[in-house]
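Heads up, the thing below is written out as structure tokens.
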Number of protein chains: 2
Amino acid sequence: MDNPRRRRPVPTHEELAAWRVHIETSEIVRARIEARLHEDSGLSGGDYRVLLALSEAEGRAMRSSELAAHIEWERSRLSGHLGRMERRGLVRREPCAEDARGSRVVLTDSGDRAFHASTLPHLRAIKEVFVDALTPEQLDHLRDAAAAVRRHLHLDPLPE
Amino acid sequence: MDNPRRRRPVPTHEELAAWRVHIETSEIVRARIEARLHEDSGLSGGDYRVLLALSEAEGRAMRSSELAAHIEWERSRLSGHLGRMERRGLVRREPCAEDARGSRVVLTDSGDRAFHASTLPHLRAIKEVFVDALTPEQLDHLRDAAAAVRRHLHLDPLPE
DNA sequence: CCTCGGTTGTTGACATGTGAATCATATGCG
DNA sequence: CGCATATGATTCACATGTCAACAACCGAGG
């Protein structure tokens, strides 16, 4: 019997099992959906996130720091990723008029096409791999549990 | 109104929002718990997983392939990881008597101490960051949703 | 014994991630 | 203006992950 007056510092076996199945399954689902994205469009999850942000931005361009903040990436991570994306012609970096330190990241036509070609298959993959696995109630429960965790960790209620 | 005769190929806004908050929150939680593990013990999540498997193995040692299969890693991934762990003195590789191709991965005393020192803080972190954020019902729901996804993807019901 | 197909583990090339250091520029303040 | 400091972005060193190619070895069959 658990003694209610004694705080339990570690999870029970059941709690630990729930943690493990939850976290490992989430990783598998993410990996499957990203693999589908890559097969369908040649884009990685990181590529998609950058392209999504740029395609919604004014003039299909953003300052590098602004972009990093928007997608919640380290600037060095974004810098490296943009280098690879630039090599593939998805984005272009040009010097910034107002601030000579900075640069503007511009979505190329090729990048825009690649992004738009990828969205529908990507959304389909999310539906087929994740949404279709769950009842509407289970999906609500997942959303609520995520919200509870975010409150617990003092994070913004919504991602981004 | 949704037309029940028309299959919806893509998620609704609500479904997509649930997907995003779920997957991003799961990543944040994993990252936090691994960060705590690293601060507390100097071990990465990968280190922990290898050390856990070895510490439960007969003679605190396993064949490399056997270990890779047990923790579901690519062999090349394990090989690289073991190289780094060996440099830090956590494990040792010795030639295998029965099979000259292979090697035995042995947990060193230092690795065993590091692992045992890490478990309690690690379990505490899982409880504080994840379990304590949720009601018992929410935890059950997460477990059930993960099980539903695993069925949907034809995976083993339990991780490992 | 000897060849051939499968196994074992490593390696190389690359993509991706973090944190610290660096460089150039911008900006506030005396 | 001139300087201390902050900021924008990149770079470095490294850890981590994938996949394909490889070298060495095993074991079955001829």
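Residue numbering restarts at 1 in every chain; chains get A, B, ... in the order shown in the structure tokens, and ligands count up from 1 in that same order.
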
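Residues within 9 Å of Ser118 (chain B), counting only C-alpha atoms (C1' of nucleotides) and excluding same-chain residues fewer than 3 positions away, are Leu37, Asp40, Ser41, Gly42, Leu43, Tyr48, Arg113, Ala114, Phe115, Pro121, His122 and Leu123 of chain B.
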
For region 18-22 of chain A, find every residue with an atom within 8 Å (counting only C-alpha atoms (C1' of nucleotides)), except residues of its own chain fewer than 5 positions away, and show them as a PDB file with N, CA, C and O atoms, in the first residue's frame.
ATOM      1  N   ILE B 126      11.990  12.132 -14.145  1.00  0.00           N
ATOM      2  CA  ILE B 126      10.817  11.665 -14.892  1.00  0.00           C
ATOM      3  C   ILE B 126       9.550  11.957 -14.103  1.00  0.00           C
ATOM      4  O   ILE B 126       8.550  12.420 -14.645  1.00  0.00           O
ATOM      5  N   PHE B 130       7.414  14.931 -15.808  1.00  0.00           N
ATOM      6  CA  PHE B 130       6.344  14.316 -16.597  1.00  0.00           C
ATOM      7  C   PHE B 130       5.180  13.838 -15.727  1.00  0.00           C
ATOM      8  O   PHE B 130       4.059  14.347 -15.828  1.00  0.00           O
ATOM      9  N   VAL B 131       5.441  12.892 -14.844  1.00  0.00           N
ATOM     10  CA  VAL B 131       4.359  12.256 -14.096  1.00  0.00           C
ATOM     11  C   VAL B 131       3.590  13.272 -13.259  1.00  0.00           C
ATOM     12  O   VAL B 131       2.351  13.288 -13.262  1.00  0.00           O
ATOM     13  N   LEU B 139      -2.518  10.108 -17.319  1.00  0.00           N
ATOM     14  CA  LEU B 139      -1.431   9.180 -17.584  1.00  0.00           C
ATOM     15  C   LEU B 139      -1.964   7.910 -18.237  1.00  0.00           C
ATOM     16  O   LEU B 139      -1.378   7.389 -19.204  1.00  0.00           O
ATOM     17  N   ASP B 140      -3.099   7.415 -17.751  1.00  0.00           N
ATOM     18  CA  ASP B 140      -3.721   6.246 -18.382  1.00  0.00           C
ATOM     19  C   ASP B 140      -4.079   6.545 -19.831  1.00  0.00           C
ATOM     20  O   ASP B 140      -3.881   5.710 -20.724  1.00  0.00           O
ATOM     21  N   LEU B 142      -2.704   8.654 -21.840  1.00  0.00           N
ATOM     22  CA  LEU B 142      -1.494   8.689 -22.667  1.00  0.00           C
ATOM     23  C   LEU B 142      -1.026   7.278 -23.001  1.00  0.00           C
ATOM     24  O   LEU B 142      -0.665   6.975 -24.139  1.00  0.00           O
ATOM     25  N   ARG B 143      -1.054   6.428 -21.984  1.00  0.00           N
ATOM     26  CA  ARG B 143      -0.632   5.043 -22.218  1.00  0.00           C
ATOM     27  C   ARG B 143      -1.536   4.376 -23.249  1.00  0.00           C
ATOM     28  O   ARG B 143      -1.078   3.703 -24.172  1.00  0.00           O
ATOM     29  N   ALA B 146      -0.903   5.754 -26.750  1.00  0.00           N
ATOM     30  CA  ALA B 146       0.332   5.200 -27.301  1.00  0.00           C
ATOM     31  C   ALA B 146       0.100   3.765 -27.771  1.00  0.00           C
ATOM     32  O   ALA B 146       0.568   3.357 -28.845  1.00  0.00           O
ATOM     33  N   ALA B 147      -0.652   3.003 -26.981  1.00  0.00           N
ATOM     34  CA  ALA B 147      -0.935   1.615 -27.368  1.00  0.00           C
ATOM     35  C   ALA B 147      -1.734   1.583 -28.667  1.00  0.00           C
ATOM     36  O   ALA B 147      -1.482   0.748 -29.546  1.00  0.00           O
ATOM     37  N   LEU B 158       4.555  -3.300 -26.386  1.00  0.00           N
ATOM     38  CA  LEU B 158       5.440  -2.714 -25.388  1.00  0.00           C
ATOM     39  C   LEU B 158       6.747  -2.318 -26.021  1.00  0.00           C
ATOM     40  O   LEU B 158       7.270  -3.038 -26.874  1.00  0.00           O
ATOM     41  N   PRO B 159       7.295  -1.208 -25.605  1.00  0.00           N
ATOM     42  CA  PRO B 159       8.626  -0.827 -26.093  1.00  0.00           C
ATOM     43  C   PRO B 159       9.648  -1.881 -25.700  1.00  0.00           C
ATOM     44  O   PRO B 159       9.471  -2.544 -24.677  1.00  0.00           O
TER      45      PRO B 159
END

Matching every Cα in sequence order between the two identical chains, what are the coordinates of chain B once fitted onto chain A? Write them as an mmCIF file with C-alpha atoms, in the first residue's frame.
data_model
loop_
_atom_site.group_PDB
_atom_site.id
_atom_site.type_symbol
_atom_site.label_atom_id
_atom_site.label_comp_id
_atom_site.auth_asym_id
_atom_site.auth_seq_id
_atom_site.Cartn_x
_atom_site.Cartn_y
_atom_site.Cartn_z
ATOM 1 C CA MET B 1 -0.240 -0.109 0.020
ATOM 2 C CA ASP B 2 1.067 3.350 -0.606
ATOM 3 C CA ASN B 3 1.421 5.391 2.502
ATOM 4 C CA PRO B 4 -0.210 8.734 1.784
ATOM 5 C CA ARG B 5 1.989 10.517 4.326
ATOM 6 C CA ARG B 6 5.187 9.434 2.558
ATOM 7 C CA ARG B 7 6.012 11.308 -0.643
ATOM 8 C CA ARG B 8 7.029 8.949 -3.378
ATOM 9 C CA PRO B 9 10.181 10.315 -4.955
ATOM 10 C CA VAL B 10 10.187 7.954 -7.924
ATOM 11 C CA PRO B 11 7.509 6.742 -10.346
ATOM 12 C CA THR B 12 5.693 3.470 -9.757
ATOM 13 C CA HIS B 13 6.226 0.663 -12.226
ATOM 14 C CA GLU B 14 2.980 1.597 -13.936
ATOM 15 C CA GLU B 15 3.939 5.240 -14.192
ATOM 16 C CA LEU B 16 7.335 4.350 -15.558
ATOM 17 C CA ALA B 17 5.808 1.992 -18.103
ATOM 18 C CA ALA B 18 3.387 4.714 -19.193
ATOM 19 C CA TRP B 19 6.290 7.151 -19.554
ATOM 20 C CA ARG B 20 8.300 4.752 -21.647
ATOM 21 C CA VAL B 21 5.556 3.719 -24.011
ATOM 22 C CA HIS B 22 4.504 7.338 -24.411
ATOM 23 C CA ILE B 23 7.896 8.792 -25.161
ATOM 24 C CA GLU B 24 9.119 5.978 -27.379
ATOM 25 C CA THR B 25 5.917 5.881 -29.373
ATOM 26 C CA SER B 26 5.982 9.622 -29.881
ATOM 27 C CA GLU B 27 9.520 9.355 -31.231
ATOM 28 C CA ILE B 28 8.558 6.576 -33.599
ATOM 29 C CA VAL B 29 5.596 8.528 -34.922
ATOM 30 C CA ARG B 30 7.691 11.638 -35.453
ATOM 31 C CA ALA B 31 10.352 9.632 -37.237
ATOM 32 C CA ARG B 32 7.793 7.924 -39.492
ATOM 33 C CA ILE B 33 6.150 11.160 -40.483
ATOM 34 C CA GLU B 34 9.483 12.818 -41.176
ATOM 35 C CA ALA B 35 10.589 9.805 -43.192
ATOM 36 C CA ARG B 36 7.416 10.076 -45.292
ATOM 37 C CA LEU B 37 8.056 13.785 -45.779
ATOM 38 C CA HIS B 38 11.579 13.073 -46.949
ATOM 39 C CA GLU B 39 10.516 10.303 -49.341
ATOM 40 C CA ASP B 40 7.675 12.356 -50.779
ATOM 41 C CA SER B 41 9.435 15.699 -51.076
ATOM 42 C CA GLY B 42 13.138 15.380 -50.293
ATOM 43 C CA LEU B 43 12.614 17.748 -47.365
ATOM 44 C CA SER B 44 13.595 17.159 -43.751
ATOM 45 C CA GLY B 45 11.463 18.261 -40.835
ATOM 46 C CA GLY B 46 13.813 21.180 -40.328
ATOM 47 C CA ASP B 47 13.550 22.191 -43.965
ATOM 48 C CA TYR B 48 9.767 22.112 -43.710
ATOM 49 C CA ARG B 49 9.717 24.282 -40.661
ATOM 50 C CA VAL B 50 11.973 26.901 -42.227
ATOM 51 C CA LEU B 51 10.064 26.894 -45.489
ATOM 52 C CA LEU B 52 6.709 27.175 -43.700
ATOM 53 C CA ALA B 53 7.860 30.230 -41.775
ATOM 54 C CA LEU B 54 9.353 31.891 -44.850
ATOM 55 C CA SER B 55 6.368 31.177 -47.059
ATOM 56 C CA GLU B 56 4.111 32.930 -44.543
ATOM 57 C CA ALA B 57 6.449 35.911 -44.123
ATOM 58 C CA GLU B 58 6.100 39.308 -45.741
ATOM 59 C CA GLY B 59 7.827 39.129 -49.091
ATOM 60 C CA ARG B 60 8.727 35.481 -48.483
ATOM 61 C CA ALA B 61 11.769 36.726 -46.550
ATOM 62 C CA MET B 62 12.839 37.263 -42.958
ATOM 63 C CA ARG B 63 15.807 38.435 -40.979
ATOM 64 C CA SER B 64 17.793 35.495 -39.734
ATOM 65 C CA SER B 65 17.344 36.247 -36.035
ATOM 66 C CA GLU B 66 13.672 36.882 -36.496
ATOM 67 C CA LEU B 67 13.327 33.520 -38.201
ATOM 68 C CA ALA B 68 15.282 31.772 -35.475
ATOM 69 C CA ALA B 69 13.069 33.295 -32.803
ATOM 70 C CA HIS B 70 9.916 32.413 -34.729
ATOM 71 C CA ILE B 71 10.725 28.724 -35.009
ATOM 72 C CA GLU B 72 12.502 28.628 -31.646
ATOM 73 C CA TRP B 73 15.890 27.502 -32.890
ATOM 74 C CA GLU B 74 19.374 28.440 -31.746
ATOM 75 C CA ARG B 75 20.867 30.938 -34.147
ATOM 76 C CA SER B 76 23.836 28.697 -34.833
ATOM 77 C CA ARG B 77 21.506 25.833 -35.631
ATOM 78 C CA LEU B 78 19.624 27.965 -38.104
ATOM 79 C CA SER B 79 22.851 29.243 -39.623
ATOM 80 C CA GLY B 80 24.095 25.745 -40.350
ATOM 81 C CA HIS B 81 20.735 24.617 -41.631
ATOM 82 C CA LEU B 82 20.401 27.609 -43.930
ATOM 83 C CA GLY B 83 23.827 26.836 -45.344
ATOM 84 C CA ARG B 84 22.678 23.375 -46.374
ATOM 85 C CA MET B 85 19.358 24.688 -47.695
ATOM 86 C CA GLU B 86 21.153 27.374 -49.670
ATOM 87 C CA ARG B 87 23.394 24.765 -51.306
ATOM 88 C CA ARG B 88 20.232 23.015 -52.452
ATOM 89 C CA GLY B 89 18.732 26.230 -53.793
ATOM 90 C CA LEU B 90 15.789 26.349 -51.367
ATOM 91 C CA VAL B 91 16.703 29.720 -49.874
ATOM 92 C CA ARG B 92 19.036 32.599 -50.598
ATOM 93 C CA ARG B 93 20.821 34.915 -48.182
ATOM 94 C CA GLU B 94 21.344 38.515 -49.095
ATOM 95 C CA PRO B 95 22.886 41.382 -47.156
ATOM 96 C CA CYS B 96 20.432 43.502 -45.212
ATOM 97 C CA ALA B 97 20.057 47.147 -46.221
ATOM 98 C CA GLU B 98 19.028 48.551 -42.812
ATOM 99 C CA ASP B 99 21.564 46.608 -40.764
ATOM 100 C CA ALA B 100 24.945 45.709 -42.228
ATOM 101 C CA ARG B 101 25.465 43.009 -39.584
ATOM 102 C CA GLY B 102 22.464 41.010 -40.589
ATOM 103 C CA SER B 103 21.161 39.211 -43.616
ATOM 104 C CA ARG B 104 17.794 38.570 -45.118
ATOM 105 C CA VAL B 105 16.788 34.972 -45.749
ATOM 106 C CA VAL B 106 14.743 34.794 -48.920
ATOM 107 C CA LEU B 107 12.620 31.893 -50.115
ATOM 108 C CA THR B 108 13.577 31.061 -53.695
ATOM 109 C CA ASP B 109 11.011 30.096 -56.311
ATOM 110 C CA SER B 110 12.397 26.604 -56.186
ATOM 111 C CA GLY B 111 12.026 26.533 -52.405
ATOM 112 C CA ASP B 112 8.481 27.815 -52.665
ATOM 113 C CA ARG B 113 7.580 25.128 -55.172
ATOM 114 C CA ALA B 114 9.195 22.429 -53.055
ATOM 115 C CA PHE B 115 7.292 23.593 -49.992
ATOM 116 C CA HIS B 116 3.919 23.754 -51.709
ATOM 117 C CA ALA B 117 4.433 20.364 -53.282
ATOM 118 C CA SER B 118 5.199 18.912 -49.861
ATOM 119 C CA THR B 119 2.318 20.186 -47.749
ATOM 120 C CA LEU B 120 -0.495 17.959 -48.935
ATOM 121 C CA PRO B 121 1.442 14.680 -48.675
ATOM 122 C CA HIS B 122 2.803 15.809 -45.316
ATOM 123 C CA LEU B 123 -0.645 16.541 -43.895
ATOM 124 C CA ARG B 124 -1.869 13.250 -45.256
ATOM 125 C CA ALA B 125 0.952 11.450 -43.492
ATOM 126 C CA ILE B 126 0.055 13.135 -40.199
ATOM 127 C CA LYS B 127 -3.513 11.999 -40.638
ATOM 128 C CA GLU B 128 -2.695 8.457 -41.648
ATOM 129 C CA VAL B 129 0.058 7.756 -39.150
ATOM 130 C CA PHE B 130 -1.189 9.687 -36.135
ATOM 131 C CA VAL B 131 -4.752 10.989 -36.329
ATOM 132 C CA ASP B 132 -6.277 7.858 -37.825
ATOM 133 C CA ALA B 133 -4.742 5.760 -35.049
ATOM 134 C CA LEU B 134 -6.834 7.512 -32.423
ATOM 135 C CA THR B 135 -10.455 8.116 -31.536
ATOM 136 C CA PRO B 136 -11.538 11.765 -31.298
ATOM 137 C CA GLU B 137 -11.662 11.327 -27.511
ATOM 138 C CA GLN B 138 -8.110 10.015 -27.437
ATOM 139 C CA LEU B 139 -6.963 12.947 -29.515
ATOM 140 C CA ASP B 140 -8.637 15.330 -27.064
ATOM 141 C CA HIS B 141 -6.969 13.534 -24.181
ATOM 142 C CA LEU B 142 -3.577 13.878 -25.807
ATOM 143 C CA ARG B 143 -4.141 17.568 -26.366
ATOM 144 C CA ASP B 144 -5.260 18.045 -22.764
ATOM 145 C CA ALA B 145 -2.341 16.078 -21.364
ATOM 146 C CA ALA B 146 0.091 18.110 -23.437
ATOM 147 C CA ALA B 147 -1.546 21.294 -22.154
ATOM 148 C CA ALA B 148 -1.229 20.046 -18.563
ATOM 149 C CA VAL B 149 2.471 19.328 -19.066
ATOM 150 C CA ARG B 150 3.013 22.756 -20.590
ATOM 151 C CA ARG B 151 1.324 24.395 -17.609
ATOM 152 C CA HIS B 152 3.411 22.275 -15.254
ATOM 153 C CA LEU B 153 6.586 23.425 -17.007
ATOM 154 C CA HIS B 154 5.403 27.052 -17.244
ATOM 155 C CA LEU B 155 5.471 26.983 -21.029
ATOM 156 C CA ASP B 156 3.216 28.843 -23.398
ATOM 157 C CA PRO B 157 -0.035 26.926 -23.815
ATOM 158 C CA LEU B 158 0.413 26.781 -27.570
ATOM 159 C CA PRO B 159 3.502 25.759 -29.473
ATOM 160 C CA GLU B 160 5.307 28.541 -31.337
#

Within 10 Å of chain B, which residues of chain C come that close, and what is the closest atom pair and distance in Å for each? Count only C-alpha atoms (C1' of nucleotides) and give it as CSV.
residue,atom,partner,partner_atom,distance
C:DT7,C1',B:Arg101,CA,8.6
C:DT8,C1',B:Gly102,CA,5.5
C:DG9,C1',B:Gly102,CA,6.5
C:DT10,C1',B:Ser79,CA,7.3
C:DT11,C1',B:Ser76,CA,9.0

Every residue of region 33-146 of chain B that DSSP places in strand (DSSP E or B), as a compact mmCIF listing (two decimals) with N, CA and C atoms, in the first residue's frame:
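Here's the written file out12.txt:
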# COMPACT_ATOMS: atom_id res chain seq x y z
N ALA B 61 28.06 -7.92 -19.40
CA ALA B 61 28.67 -7.86 -20.72
C ALA B 61 27.72 -8.44 -21.76
N MET B 62 27.85 -7.97 -22.99
CA MET B 62 27.03 -8.49 -24.07
C MET B 62 27.82 -8.42 -25.37
N ARG B 63 27.43 -9.28 -26.31
CA ARG B 63 27.94 -9.14 -27.66
C ARG B 63 27.37 -7.86 -28.25
N VAL B 91 32.77 1.77 -20.68
CA VAL B 91 32.71 0.38 -21.15
C VAL B 91 34.09 0.00 -21.71
N ARG B 92 34.23 -1.29 -21.96
CA ARG B 92 35.47 -1.80 -22.52
C ARG B 92 35.06 -2.78 -23.61
N ARG B 93 35.83 -2.87 -24.68
CA ARG B 93 35.54 -3.87 -25.70
C ARG B 93 36.67 -4.87 -25.73
N GLU B 94 36.31 -6.14 -25.67
CA GLU B 94 37.37 -7.14 -25.75
C GLU B 94 36.99 -8.17 -26.81
N PRO B 95 37.99 -8.77 -27.42
CA PRO B 95 37.73 -9.76 -28.47
C PRO B 95 36.92 -10.93 -27.90
N SER B 103 32.95 -8.86 -30.80
CA SER B 103 33.59 -8.40 -29.58
C SER B 103 32.54 -8.39 -28.47
N ARG B 104 33.06 -8.51 -27.28
CA ARG B 104 32.20 -8.40 -26.11
C ARG B 104 32.31 -7.00 -25.56
N VAL B 105 31.15 -6.41 -25.25
CA VAL B 105 31.12 -5.09 -24.63
C VAL B 105 30.95 -5.30 -23.14
N VAL B 106 31.90 -4.83 -22.37
CA VAL B 106 31.90 -5.07 -20.93
C VAL B 106 31.70 -3.76 -20.19
N LEU B 107 30.81 -3.78 -19.21
CA LEU B 107 30.61 -2.63 -18.33
C LEU B 107 31.79 -2.54 -17.37

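The gap separating C1' of DT27 (chain C) from C1' of DC12 (chain D) is 28.5 Å, in Å to one decimal.
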
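For the pair C1' of DA13 (chain C) and C1' of DA9 (chain D), the separation is 27.0 Å.
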
Write out as a Markdown table the residues of chain D that have any atom within 8 Å of an atom of chain B, one row each with the nearest atom pair and its distance in Å to one decimal, counting only C-alpha atoms (C1' of nucleotides), sorted by chain and then rising number.
| residue | atom | partner | partner_atom | distance |
| --- | --- | --- | --- | --- |
| D:DG17 | C1' | B:Arg77 | CA | 7.0 |
| D:DA24 | C1' | B:Arg101 | CA | 6.5 |
| D:DC25 | C1' | B:Arg101 | CA | 5.3 |
| D:DC26 | C1' | B:Asp99 | CA | 7.9 |

Take the residues just selected and output them with N, CA and C atoms (P, O5', C5', C4', C3', O3' and C1' of nucleotides) as an mmCIF file, in the first residue's frame.
data_model
loop_
_atom_site.group_PDB
_atom_site.id
_atom_site.type_symbol
_atom_site.label_atom_id
_atom_site.label_comp_id
_atom_site.auth_asym_id
_atom_site.auth_seq_id
_atom_site.Cartn_x
_atom_site.Cartn_y
_atom_site.Cartn_z
ATOM 1 P P DG D 17 21.548 9.668 -30.797
ATOM 2 O "O5'" DG D 17 21.501 9.579 -32.396
ATOM 3 C "C5'" DG D 17 20.277 9.641 -33.064
ATOM 4 C "C4'" DG D 17 20.503 9.641 -34.557
ATOM 5 C "C3'" DG D 17 20.679 8.266 -35.193
ATOM 6 O "O3'" DG D 17 19.410 7.823 -35.678
ATOM 7 C "C1'" DG D 17 22.144 9.923 -36.141
ATOM 8 P P DA D 24 41.059 -7.541 -43.826
ATOM 9 O "O5'" DA D 24 40.359 -8.525 -42.791
ATOM 10 C "C5'" DA D 24 40.052 -8.049 -41.486
ATOM 11 C "C4'" DA D 24 39.060 -8.995 -40.877
ATOM 12 C "C3'" DA D 24 39.480 -10.468 -40.977
ATOM 13 O "O3'" DA D 24 39.621 -10.956 -39.653
ATOM 14 C "C1'" DA D 24 37.188 -10.154 -41.563
ATOM 15 P P DC D 25 40.147 -12.445 -39.451
ATOM 16 O "O5'" DC D 25 38.800 -13.268 -39.301
ATOM 17 C "C5'" DC D 25 37.876 -12.858 -38.302
ATOM 18 C "C4'" DC D 25 36.573 -13.546 -38.547
ATOM 19 C "C3'" DC D 25 36.650 -15.074 -38.568
ATOM 20 O "O3'" DC D 25 35.939 -15.546 -37.443
ATOM 21 C "C1'" DC D 25 35.222 -14.204 -40.258
ATOM 22 P P DC D 26 36.036 -17.133 -37.084
ATOM 23 O "O5'" DC D 26 34.619 -17.670 -37.575
ATOM 24 C "C5'" DC D 26 33.442 -17.257 -36.882
ATOM 25 C "C4'" DC D 26 32.224 -17.737 -37.617
ATOM 26 C "C3'" DC D 26 32.139 -19.253 -37.783
ATOM 27 O "O3'" DC D 26 31.090 -19.737 -36.960
ATOM 28 C "C1'" DC D 26 31.649 -18.084 -39.842
#

Which of region 28-152 of chain B counts as helix (DSSP H, G or I) under DSSP, as number ranges by chain please?
B: 28-41, 45-56, 58-60, 64-71, 75-87, 109-129, 131-133, 136-152
